[in-house]
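J.: Contents are mmCIF, C-alpha atoms; file name run-v2.cif:
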```
data_data
#
loop_
_atom_site.label_atom_id
_atom_site.label_comp_id
_atom_site.auth_asym_id
_atom_site.auth_seq_id
_atom_site.Cartn_x
_atom_site.Cartn_y
_atom_site.Cartn_z
CA GLN A 1 -11.21 4.43 -15.13
CA GLN A 2 -7.98 3.31 -13.53
CA GLN A 3 -9.68 1.39 -10.74
CA VAL A 4 -9.94 -2.34 -10.30
CA LYS A 5 -12.92 -3.21 -8.11
CA GLN A 6 -12.58 -6.38 -6.04
CA SER A 7 -15.20 -8.33 -4.10
CA PRO A 8 -15.91 -9.66 -1.59
CA GLN A 9 -13.85 -7.89 1.04
CA SER A 10 -13.74 -11.05 3.13
CA LEU A 11 -14.67 -14.66 2.58
CA ILE A 12 -15.05 -17.68 4.82
CA VAL A 13 -15.05 -21.12 3.21
CA GLN A 14 -15.13 -24.63 4.58
CA LYS A 15 -12.18 -26.90 3.90
CA GLY A 16 -12.70 -28.61 0.55
CA GLY A 17 -15.01 -25.90 -0.72
CA ILE A 18 -14.59 -23.50 -3.63
CA SER A 19 -13.42 -19.93 -3.01
CA ILE A 20 -14.39 -17.36 -5.61
CA ILE A 21 -13.08 -13.79 -5.75
CA ASN A 22 -14.21 -11.35 -8.39
CA CYS A 23 -12.67 -8.28 -9.98
CA ALA A 24 -13.95 -5.75 -12.48
CA TYR A 25 -12.16 -3.07 -14.46
CA GLU A 26 -13.00 -0.19 -16.77
CA ASN A 27 -9.81 0.52 -18.66
CA THR A 28 -9.84 -1.52 -21.88
CA ALA A 29 -6.12 -0.84 -22.30
CA PHE A 30 -5.33 -3.29 -19.50
CA ASP A 31 -3.69 -6.36 -20.99
CA TYR A 32 -2.26 -8.32 -18.08
CA PHE A 33 -4.19 -9.50 -15.05
CA PRO A 34 -2.27 -11.14 -12.20
CA TRP A 35 -3.46 -12.38 -8.84
CA TYR A 36 -1.24 -11.99 -5.79
CA GLN A 37 -1.41 -13.87 -2.50
CA GLN A 38 -0.24 -12.28 0.74
CA PHE A 39 0.29 -13.98 4.09
CA PRO A 40 0.51 -11.92 7.30
CA GLY A 41 3.89 -10.28 7.70
CA LYS A 42 4.93 -11.11 4.16
CA GLY A 43 4.90 -9.27 0.88
CA PRO A 44 2.46 -10.30 -1.88
CA ALA A 45 3.56 -13.13 -4.15
CA LEU A 46 2.37 -13.88 -7.67
CA LEU A 47 -0.15 -16.71 -7.72
CA ILE A 48 -1.38 -16.85 -11.30
CA ALA A 49 -1.84 -14.42 -14.20
CA ILE A 50 -3.76 -14.17 -17.46
CA ARG A 51 -3.83 -12.12 -20.63
CA PRO A 52 -7.10 -11.21 -22.35
CA ASP A 53 -6.51 -13.46 -25.35
CA VAL A 54 -7.62 -16.49 -23.29
CA SER A 55 -10.77 -16.99 -21.25
CA GLU A 56 -9.38 -19.32 -18.63
CA LYS A 57 -6.08 -20.36 -17.11
CA LYS A 58 -5.61 -23.14 -14.62
CA GLU A 59 -2.65 -23.91 -12.40
CA GLY A 60 -3.26 -26.71 -9.96
CA ARG A 61 -6.19 -25.79 -7.73
CA PHE A 62 -6.18 -22.17 -8.91
CA THR A 63 -8.11 -20.98 -11.97
CA ILE A 64 -8.57 -17.54 -13.47
CA SER A 65 -11.73 -16.98 -15.50
CA PHE A 66 -11.66 -13.97 -17.79
CA ASN A 67 -14.63 -12.27 -19.46
CA LYS A 68 -13.32 -9.60 -21.80
CA SER A 69 -16.72 -8.29 -22.90
CA ALA A 70 -17.88 -7.85 -19.31
CA LYS A 71 -14.48 -6.56 -18.23
CA GLN A 72 -14.42 -8.97 -15.34
CA PHE A 73 -12.09 -11.67 -14.10
CA SER A 74 -12.22 -14.00 -11.17
CA LEU A 75 -10.07 -16.34 -9.15
CA HIS A 76 -11.41 -19.78 -8.25
CA ILE A 77 -9.67 -21.86 -5.60
CA MET A 78 -10.83 -25.44 -5.78
CA ASP A 79 -10.64 -27.78 -2.78
CA SER A 80 -9.76 -24.84 -0.52
CA GLN A 81 -7.34 -25.67 2.29
CA PRO A 82 -6.59 -23.92 5.61
CA GLY A 83 -3.16 -23.11 4.18
CA ASP A 84 -4.89 -20.99 1.54
CA SER A 85 -6.01 -18.57 4.25
CA ALA A 86 -4.46 -15.29 3.14
CA THR A 87 -5.30 -11.99 1.50
CA TYR A 88 -5.72 -12.09 -2.27
CA PHE A 89 -5.26 -9.12 -4.58
CA CYS A 90 -6.23 -8.88 -8.21
CA ALA A 91 -4.31 -6.43 -10.36
CA ALA A 92 -4.16 -5.06 -13.86
CA ASN A 93 -1.48 -3.51 -16.01
CA SER A 94 -1.50 -1.63 -19.29
CA PRO A 95 1.30 -1.20 -21.80
CA GLY A 96 3.69 1.68 -21.33
CA THR A 97 2.63 2.56 -17.80
CA TYR A 98 5.09 0.42 -15.80
CA LYS A 99 2.63 0.22 -12.95
CA TYR A 100 0.02 -2.16 -11.62
CA ILE A 101 -3.43 -1.17 -10.41
CA PHE A 102 -4.42 -3.37 -7.51
CA GLY A 103 -7.82 -4.25 -6.12
CA THR A 104 -8.49 -3.60 -2.45
CA GLY A 105 -7.97 -7.22 -1.46
CA THR A 106 -10.02 -10.16 -0.19
CA ARG A 107 -9.25 -11.75 3.13
CA LEU A 108 -9.90 -15.47 2.78
CA LYS A 109 -10.29 -17.77 5.75
CA VAL A 110 -10.62 -21.50 5.17
CA LEU A 111 -12.04 -23.37 8.12
CA ALA A 112 -10.54 -26.73 9.00
CA LYS B 1 19.04 -16.30 -4.78
CA ALA B 2 18.29 -13.66 -2.17
CA GLY B 3 14.89 -12.00 -2.35
CA VAL B 4 13.99 -8.34 -2.16
CA THR B 5 15.32 -6.81 1.04
CA GLN B 6 13.73 -3.80 2.66
CA THR B 7 15.09 -1.84 5.60
CA PRO B 8 14.08 -0.90 8.15
CA ARG B 9 11.22 -3.33 8.74
CA TYR B 10 9.53 -1.18 11.37
CA LEU B 11 9.85 2.46 12.30
CA ILE B 12 8.00 5.04 14.31
CA LYS B 13 8.15 8.73 13.50
CA THR B 14 6.31 11.83 14.60
CA ARG B 15 4.44 14.30 12.47
CA GLY B 16 6.66 16.68 10.57
CA GLN B 17 9.67 14.39 10.50
CA GLN B 18 11.02 12.76 7.38
CA VAL B 19 11.85 9.14 6.66
CA THR B 20 14.00 7.24 4.19
CA LEU B 21 13.27 3.64 3.28
CA SER B 22 15.67 1.38 1.46
CA CYS B 23 15.18 -1.48 -0.98
CA SER B 24 17.68 -3.94 -2.42
CA PRO B 25 16.20 -5.78 -5.42
CA ILE B 26 16.88 -9.32 -6.49
CA SER B 27 20.28 -9.54 -8.13
CA GLY B 28 19.97 -8.77 -11.83
CA HIS B 29 16.62 -7.01 -11.54
CA ARG B 30 16.77 -3.47 -12.87
CA SER B 31 13.16 -2.42 -12.28
CA VAL B 32 12.10 -1.35 -8.81
CA SER B 33 8.58 -0.25 -7.87
CA TRP B 34 7.18 1.14 -4.63
CA TYR B 35 3.65 0.66 -3.31
CA GLN B 36 1.83 1.93 -0.25
CA GLN B 37 -0.44 -0.61 1.44
CA THR B 38 -3.16 0.48 3.84
CA PRO B 39 -6.19 -1.43 5.15
CA GLY B 40 -9.14 -1.04 2.83
CA GLN B 41 -7.11 0.71 0.12
CA GLY B 42 -5.05 -2.18 -1.12
CA LEU B 43 -1.78 -1.36 -2.79
CA GLN B 44 -1.34 2.12 -4.21
CA PHE B 45 1.42 2.71 -6.77
CA LEU B 46 4.02 5.27 -5.76
CA PHE B 47 6.69 5.11 -8.48
CA GLU B 48 8.77 2.83 -10.67
CA TYR B 49 12.43 3.09 -11.56
CA PHE B 50 14.48 1.39 -14.23
CA SER B 51 18.20 1.98 -14.66
CA GLU B 52 18.08 5.04 -12.39
CA THR B 53 15.22 6.63 -14.36
CA GLN B 54 11.73 7.14 -12.99
CA ARG B 55 9.38 5.80 -15.62
CA ASN B 56 6.10 6.46 -13.84
CA LYS B 57 4.78 8.15 -10.73
CA GLY B 58 1.52 7.61 -8.90
CA ASN B 59 -0.90 10.17 -7.52
CA PHE B 60 0.94 11.04 -4.35
CA PRO B 61 2.00 14.50 -3.18
CA GLY B 62 5.50 15.78 -3.80
CA ARG B 63 6.45 14.87 -0.23
CA PHE B 64 6.94 11.37 -1.58
CA SER B 65 10.10 10.97 -3.61
CA GLY B 66 12.42 8.22 -4.67
CA ARG B 67 15.59 7.41 -6.45
CA GLN B 68 17.51 4.47 -7.81
CA PHE B 69 21.22 3.95 -7.73
CA SER B 70 23.51 2.45 -10.35
CA ASN B 71 23.47 -0.90 -8.51
CA SER B 72 19.62 -0.91 -8.79
CA ARG B 73 19.14 -0.34 -5.07
CA SER B 74 16.38 2.15 -4.42
CA GLU B 75 15.32 4.52 -1.71
CA MET B 76 12.11 6.37 -1.09
CA ASN B 77 11.75 9.43 1.08
CA VAL B 78 8.73 10.95 2.70
CA SER B 79 9.13 14.45 4.07
CA THR B 80 6.94 16.35 6.51
CA LEU B 81 5.21 13.22 7.68
CA GLU B 82 1.48 13.22 8.31
CA LEU B 83 -0.61 10.78 10.34
CA GLY B 84 -2.13 9.45 7.12
CA ASP B 85 1.28 8.31 5.92
CA SER B 86 1.16 5.43 8.39
CA ALA B 87 1.24 2.36 6.16
CA LEU B 88 3.19 -0.62 4.96
CA TYR B 89 5.54 0.46 2.19
CA LEU B 90 6.33 -2.33 -0.22
CA CYS B 91 9.15 -2.49 -2.70
CA ALA B 92 9.00 -4.85 -5.67
CA SER B 93 11.62 -5.73 -8.24
CA SER B 94 11.22 -7.20 -11.69
CA SER B 95 13.57 -8.56 -14.30
CA GLN B 96 11.36 -7.41 -17.17
CA THR B 97 12.55 -4.51 -19.24
CA GLY B 98 9.14 -4.22 -20.81
CA ASN B 99 5.85 -3.30 -19.28
CA THR B 100 4.71 -6.54 -17.71
CA GLY B 101 6.37 -9.17 -15.67
CA GLU B 102 6.24 -10.76 -12.29
CA LEU B 103 6.74 -8.41 -9.39
CA PHE B 104 8.79 -9.83 -6.53
CA PHE B 105 7.85 -8.04 -3.33
CA GLY B 106 9.86 -7.51 -0.19
CA GLU B 107 8.27 -7.89 3.23
CA GLY B 108 7.79 -4.17 3.53
CA SER B 109 8.67 -1.35 5.87
CA ARG B 110 5.90 -0.60 8.35
CA LEU B 111 5.80 3.09 9.15
CA THR B 112 3.83 4.46 12.06
CA VAL B 113 3.44 8.22 12.34
CA LEU B 114 2.45 9.56 15.75
#
```
Now that the file is in, can you turn its structure into structure tokens?
T.:
Amino acid sequence: QQQVKQSPQSLIVQKGGISIINCAYENTAFDYFPWYQQFPGKGPALLIAIRPDVSEKKEGRFTISFNKSAKQFSLHIMDSQPGDSATYFCAANSPGTYKYIFGTGTRLKVLA
Amino acid sequence: KAGVTQTPRYLIKTRGQQVTLSCSPISGHRSVSWYQQTPGQGLQFLFEYFSETQRNKGNFPGRFSGRQFSNSRSEMNVSTLELGDSALYLCASSSQTGNTGELFFGEGSRLTVL
């Protein structure tokens, strides 16, 4: 029940295309859903986050879509660029636990 | 503002040895978390400290321990190392006193156990 399932494991997209990464969770107590981006040799960095009271959040080319009834959320990267090539992790957090549950990651490669 | 600093960045140990990893959080951040990152497993939560108190612990054996000092710096220790402990150990700090807030990660300490 504590897991966050992430797919796909890897993704190859042409420059200018849309990258879509999906995550699903079981624990309805989760109330904060961030996405982290990690470049090789670096630690993950927060990209965008959402709470379940909204169905979508957009920041520049990055959008989170959230479906509370299906317990799913996804990251959409519009106009994907080679510089977006990185590993992306979804995560979830529930009140009072002081910990994040991370997905297993998606390695994105954007071809020039 | 300096980011999260982890030392050492790389280390090699043999089975049965112990290791101590250090983390200096961003100035003013009182919450420090530790995660283990392995290929295919993502990031697994180890523990979280706030003002020298462990508030939560993940599902790792007792060989994994940590502590936080009064200046918010944190250390984690792994005793009796096993091959499966080879991983990238990430420290993250947060300014939030509550449950949620942005985690700022260091670049990690890569441990190889031979």
J.: For the provided coordinates, the residues matched by the PyMOL selection byres ((chain A) within 8 of (chain B)) should be stated as a ChimeraX atom specification.
T.: /A:32,41-46,89,93-105
J.: Store the residues of this selection in a file with C-alpha atoms, as a tab-separated table (two decimals), keeping the file's coordinate frame.
T.:
```tsv
chain	number	residue	atom	x	y	z
A	32	TYR	CA	-2.26	-8.32	-18.08
A	41	GLY	CA	3.89	-10.28	7.70
A	42	LYS	CA	4.93	-11.11	4.16
A	43	GLY	CA	4.90	-9.27	0.88
A	44	PRO	CA	2.46	-10.30	-1.88
A	45	ALA	CA	3.56	-13.13	-4.15
A	46	LEU	CA	2.37	-13.88	-7.67
A	89	PHE	CA	-5.26	-9.12	-4.58
A	93	ASN	CA	-1.48	-3.51	-16.01
A	94	SER	CA	-1.50	-1.63	-19.29
A	95	PRO	CA	1.30	-1.20	-21.80
A	96	GLY	CA	3.69	1.68	-21.33
A	97	THR	CA	2.63	2.56	-17.80
A	98	TYR	CA	5.09	0.42	-15.80
A	99	LYS	CA	2.63	0.22	-12.95
A	100	TYR	CA	0.02	-2.16	-11.62
A	101	ILE	CA	-3.43	-1.17	-10.41
A	102	PHE	CA	-4.42	-3.37	-7.51
A	103	GLY	CA	-7.82	-4.25	-6.12
A	104	THR	CA	-8.49	-3.60	-2.45
A	105	GLY	CA	-7.97	-7.22	-1.46
```
J.: Applying the PyMOL selection byres ((chain B and resi 62) around 12) to the file I just gave you, which residues come out? Please list them as an MDAnalysis selection string.
T.: chainID B and resid 46:47 57:61 63:66 76:81
J.: If the PyMOL selection byres ((chain A and resi 63-73) around 9) is run on the structure shown, which residues does it catch, given as a PyMOL selection string?
T.: chain A and resi 21-28+33+35+48-62+74-78+90
J.: Hey, can you check how far CA of Gln68 in chain B sits from CA of Val19 in chain B?
T.: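 Going from CA of Gln68 in chain B over to CA of Val19 in chain B covers 16.2 Å.
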J.: Excluding same-chain residues fewer than 5 positions from Phe69 in chain B, what lies within 8 Å of it counting all atoms listed in the file, as a compact mmCIF listing (two decimals) with C-alpha atoms, in the coordinates of the input?
T.:
```txt
# COMPACT_ATOMS: atom_id res chain seq x y z
CA SER B 51 18.20 1.98 -14.66
CA GLU B 52 18.08 5.04 -12.39
CA SER B 74 16.38 2.15 -4.42
```
J.: In Å, how far is it from CA of Ser10 in chain A to CA of Leu108 in chain A?
T.: 5.9 Å
J.: B:Gln17, B:Thr112, B:Ser94, B:Asn71: which is nearest Gly3 in chain B, counting all atoms listed in the file?
T.: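 Distance minimum relative to Gly3 in chain B lands on B:Ser94.
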J.: What lies within 9 Å of Thr7 in chain B using all atoms listed in the file, ignoring chain neighbours under 2 positions off, as a ChimeraX atom specification?
T.: /B:5,9-10,21-24,108-109
J.: Would you output that residue set with C-alpha atoms, as a PDB file, in the coordinates of the input?
T.:
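In the end it all went to selection21.pdb:
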```pdb
ATOM      1  CA  THR B   5      15.320  -6.810   1.040  1.00  0.00           C
ATOM      2  CA  ARG B   9      11.220  -3.330   8.740  1.00  0.00           C
ATOM      3  CA  TYR B  10       9.530  -1.180  11.370  1.00  0.00           C
ATOM      4  CA  LEU B  21      13.270   3.640   3.280  1.00  0.00           C
ATOM      5  CA  SER B  22      15.670   1.380   1.460  1.00  0.00           C
ATOM      6  CA  CYS B  23      15.180  -1.480  -0.980  1.00  0.00           C
ATOM      7  CA  SER B  24      17.680  -3.940  -2.420  1.00  0.00           C
ATOM      8  CA  GLY B 108       7.790  -4.170   3.530  1.00  0.00           C
ATOM      9  CA  SER B 109       8.670  -1.350   5.870  1.00  0.00           C
TER      10      SER B 109
END
```
J.: So, counting only C-alpha atoms, which residue among A:Gln37, A:Thr87, A:Ser80, A:Thr106 is closest to Gln14 in chain A?
T.: A:Ser80
J.: Rounded to one decimal, what separation in Å do you get between CA of Ala91 in chain A and CA of Gln96 in chain B?
T.: 17.1 Å
J.: Name the closest residue to Gln36 in chain B among the candidates B:Ala87, B:Ala2, B:Leu111, B:Leu11; distances are taken between atoms, counting all atoms listed in the file.
T.: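 So, comparing all the options, the nearest one is B:Ala87.
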J.: Using all atoms listed in the file, pick whichever of A:Leu47, A:Ala112, A:Ile20, A:Ala86 has the shortest atom-to-atom distance to Ser7 in chain A.
T.: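 Using all atoms listed in the file, Ser7 in chain A sits closest to A:Ile20.
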